[in-house]
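A.B. asks: Below is a structure I'd like to ask you about.
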Amino acid sequence: MTEAPPVKARGLVKRYDEVVAVDHIDLNVQVGDVYGFLGPNGAGKTTTLRMALGLIMPTEGTVELFGRDPLREGARALEGVAGFVEAPRFYPYLTGRKNLELLAALDGDGANERIDEVLQIVELSPRGGHRVGGYSHGMRQRLGIAAALLRKPRLLILDEPATGLDPAGMRDMRLLIRRLADEGITVLLSSHQLPEVQELCDRVAIVDRGRVVYEGALADLRRQGGAGYRLRSTDDTRALAIARAQAGVEHVIGTPPTPHGLSFQADEQHVGALSLALGAAGVGILALTPELATLEDLFFRLTETNGAAGSEQAGADGREDPTERLAQAS
Amino acid sequence: MSSVAASPAVPAPGGAGGLSFKRPSTLTAYRWELRKLISQKRTYMGLGLAVILPIVFVVFQNVHQRHDHGGNNPFARQITQSGLATPVLMLLFLSVFMLPLIAALVAGDIVAAEDGNGTLKTILTRSVDRGQVFAAKALAAVTYATIAVFLSAAVATVGGVASWGFNQITTYSGTVVSAPEGLLLVFAANACYLIPLLTVASIGVLLSTVTRNSAAAVVGTVGIVILLFIVGQIPGLEGIKPYLLTEQFENWHGLLRTPTDWAPIWHSLWLCALYAVPALFAGYLVFLRRDVAGG
């Protein structure tokens, strides 16, 4: 029997009076994914995660975790699921260990026996006996991960886990998440830290103004962003004219003379034809290097096109065509 | 966390669907609510009041050594003749405002504080249902109010007996009862007083759930008590007086008569149920359906 997907959201909507925080979001997190949930601040990421964990009620739509709806099945739907939304919160007047004991008691299933183990994993064993009120932000984030691991999760939902951490803390958090994913835990990672997502995630959803503007493999997104090339030549002015005249070579950008040369988009066949055309015209090629769009480029192209254009591009299902949006922005 | 790569292996992910998984009981959640209360300073503010006020009363009475107290109240007249008069008088004094305030301090805070601190979302993403969490919190608030009442009574009894002896006492109806029987009556009177007090706590839990603001819930609960008390004093409203919650604070007087007058106790029992059950049920429904986005 095929296991139900860790997260399956359909048509999720959350309205606060006139404000639509989440607007018909669909999500498909598969087993084994490290799934990036991206969007600018206020895009609706945290609200979506709250609905996924049953903390807030959707205005419309459904969300299932391993086939179970938290609204209908309550805590039972959260079996095998752990994580935190926004910053993890603990009782400041209790020690880190006491907080974990409390949460383990509310987890059952022998969670209490794993406290030492999870404290060791997040390297908080020496501070476990101290009150959480005296913990730094980074320590609380790590305690949040420890609290999640107590549940032996199959799905880990993390909302901005690296926010507020110093560079070393961010690196360590990334290493830990990578390691958890390697252990077989599906991770749903909400973040606006693009390098983190690019390093960790294989699939992403990008939300903007409460709507999903892209969902799929990160590699596909980067392909859709266009295979770019950068060209430096002995005569950039002539090279620019030749490139613009060449069939299959698009989005040629460059204002010679410039030390960075030209940039353009084309498939490999047309790049070959361009190099021959340049050679035939007596323009020497100093460097011709492929450049894949970074996640940051794509993210801004998808989220910084104006809202009106985005609405016009929306299909019947409410989801926009990312290819059109990317092309428009580029 | 710099050596994450060398840290021990993470706990293996749980089994499919958790079919053999045994969920924690409401009793477990309740025990942890009590442990949280024990760990907080504000818990001891209320209990401190419940202890200090009888001590102040006993010390004051010892210093003044007056024998002509109280006009019409038979227990006030016996204050220096039997130590058992002290807990009865303390219950009389504290029942109207101070004990409801102490009950409201925790009941009004118990949901709202967690909402404000964001810890509500922490516990609601574990393996206990919302209903269990609400039940545990309501039970903890009720337990706290009960402890406050009996702690106050115990201190008053010990202080009174130490000062004026474990002697027989005369009840409202003029009947003299032995000291052990008097002690039993003191206990029973406090138990009866719990009926309206736990109703106050239930209203506090409702307001704590609805307002999401500790101060508003505590003040609101005490405000309702004061409002009902004022309504009870308004001339011309005598007809509704038996149905006011604050009138039930004296339900225990029937126990200190011979024969025992059970009518006010039964009356307060069903009347308080009319206040408490809808309050708790409304709080439960709100808690089940509410959005938890605080903190």
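Just so we're on the same page: first chain in the structure tokens is A, next is B, and so on; residues restart at 1 for each chain, and ligands are numbered from 1 in the order they show up.
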Residues within 10 Å of segment 200-215 of chain B, please, as an MDAnalysis selection string. Count only C-alpha atoms; anything in the same chain fewer than 2 positions from it doesn't count.
C.D. replies: chainID B and resid 99:116 134 137:139 141:145 194:198 217:222 224:225 245:246 272 275:287 290 294
A.B. asks: Might you pull out every residue within 7 Å of Leu53 of chain A, with only C-alpha atoms counted and same-chain residues fewer than 3 positions away left off, and present them as a PyMOL selection string?
C.D. replies: (chain A and resi 49-50+70) or (chain B and resi 125)
A.B. asks: Which residues are close to Gly32 of chain A, i.e. within 10 Å by only C-alpha atoms, leaving aside same-chain residues fewer than 2 positions away? Reply as a compact mmCIF listing (two decimals) with C-alpha atoms, in the first residue's frame.
C.D. replies:
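See selection-v1.txt below for the written result:
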# COMPACT_ATOMS: atom_id res chain seq x y z
CA PRO A 5 2.03 11.95 1.36
CA PRO A 6 3.47 13.73 4.40
CA VAL A 29 5.29 17.22 0.04
CA GLN A 30 6.47 13.70 -0.82
CA VAL A 34 13.52 18.38 1.80
CA TYR A 35 10.84 20.80 0.74
CA ARG A 154 8.68 11.21 10.01
CA LEU A 155 7.83 14.76 9.02
CA ALA A 181 17.01 14.46 6.08
CA ASP A 182 19.73 11.89 5.45
CA GLU A 183 18.27 9.84 8.32
CA GLY A 184 15.04 9.57 6.33
CA ILE A 185 13.00 12.39 7.84
CA THR A 186 10.90 14.40 5.42
CA VAL A 187 11.51 18.09 6.05
CA ASP A 202 15.26 19.47 -3.61
A.B. asks: Residues within 12 Å of Gly128 of chain A, please, as a VMD selection string. Count only C-alpha atoms; anything in the same chain fewer than 4 positions from it doesn't count.
C.D. replies: chain A and resid 94 to 101 115 to 120 122 to 124 132 134 to 135 139 to 140 142 to 143 146
A.B. asks: My list of candidates is A:Asp107, A:Glu3, A:Glu304, A:Glu160. Which is closest to chain B when distances are computed with only C-alpha atoms?
C.D. replies: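 Counting only C-alpha atoms, the residue closest to chain B is A:Asp107.
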A.B. asks: Taking only C-alpha atoms into account, what are the residues of chain A at most 8 Å from chain B, put as JSON, numbers by chain?
C.D. replies: {"A": [50, 53, 54, 55, 56, 57, 66, 74, 75, 76, 78, 79, 80, 82, 84, 88, 89, 90, 91, 93, 94, 102, 103, 105, 106, 107, 108, 109, 114, 117, 118, 120, 121, 122, 123, 149, 150, 151, 152, 153, 154, 168, 169, 172, 175, 176, 179, 180, 183, 184, 185]}
A.B. asks: Quick one: residues within 6 Å of Ser263 of chain A, only C-alpha atoms counted, chain neighbours fewer than 5 positions away excluded, as a ChimeraX atom specification?
C.D. replies: /A:229-230,252-253
A.B. asks: Which is closest to Ala162 of chain B among B:Gly254, B:Gly174, B:Pro180, B:Gly83, if we use only C-alpha atoms?
C.D. replies: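 Going through B:Gly254, B:Gly174, B:Pro180, B:Gly83 one by one, the smallest distance to Ala162 of chain B is for B:Gly83.
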A.B. asks: I need the helix (DSSP H, G or I) residues of segment 69-289 of chain B per DSSP on the backbone, written as a ChimeraX atom specification.
C.D. replies: /B:74-77,85-94,98-107,112-117,119-124,130-164,179-211,214-233,238-243,245-256,263-289
A.B. asks: As an NGL selection string, list the residues of segment 123-230 of chain B assigned to strand (DSSP E) by DSSP on the backbone atoms of this structure.
C.D. replies: :B and (169-170 or 176-177)
A.B. asks: What does the distance from atom CA of Gln81 of chain B to atom CA of Asn62 of chain B come to in Å, to one decimal?
C.D. replies: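 Atom-to-atom, atom CA of Gln81 of chain B to atom CA of Asn62 of chain B, that is 12.3 Å.
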A.B. asks: Please report the interatomic distance between atom CA of Ala153 of chain B and atom CA of Leu228 of chain B in Å with one decimal.
C.D. replies: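 Those two atoms sit 25.0 Å apart.
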A.B. asks: Within 9 Å of Ala219 of chain A, counting only C-alpha atoms, which residues show up once you throw out same-chain ones fewer than 4 positions away? Write them as a list of chain:residue names, please.
C.D. replies: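 Close residues of Ala219 of chain A: A:Asp202, A:Arg203, A:Arg223, A:Gln224.
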A.B. asks: Take the residues from that selection and put them in a file with N, CA and C atoms, as an mmCIF file, in the first residue's frame.
C.D. replies:
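Once everything was written out, this is out-v3.cif:
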data_model
loop_
_atom_site.group_PDB
_atom_site.id
_atom_site.type_symbol
_atom_site.label_atom_id
_atom_site.label_comp_id
_atom_site.auth_asym_id
_atom_site.auth_seq_id
_atom_site.Cartn_x
_atom_site.Cartn_y
_atom_site.Cartn_z
ATOM 1 N N ASP A 202 15.343 19.995 -2.261
ATOM 2 C CA ASP A 202 15.256 19.470 -3.612
ATOM 3 C C ASP A 202 13.968 19.914 -4.299
ATOM 4 N N ARG A 203 12.928 20.166 -3.509
ATOM 5 C CA ARG A 203 11.683 20.675 -4.080
ATOM 6 C C ARG A 203 11.277 21.934 -3.319
ATOM 7 N N ARG A 223 15.865 25.487 -14.487
ATOM 8 C CA ARG A 223 15.851 25.299 -15.944
ATOM 9 C C ARG A 223 14.856 26.266 -16.595
ATOM 10 N N GLN A 224 13.679 26.387 -15.916
ATOM 11 C CA GLN A 224 12.673 27.310 -16.463
ATOM 12 C C GLN A 224 13.177 28.742 -16.455
#
A.B. asks: Name all residues at most 7 Å from segment 86-88 of chain B (count only C-alpha atoms; drop same-chain ones fewer than 5 positions away) and give them as a ChimeraX atom specification.
C.D. replies: /B:79,153,156-157,160,186
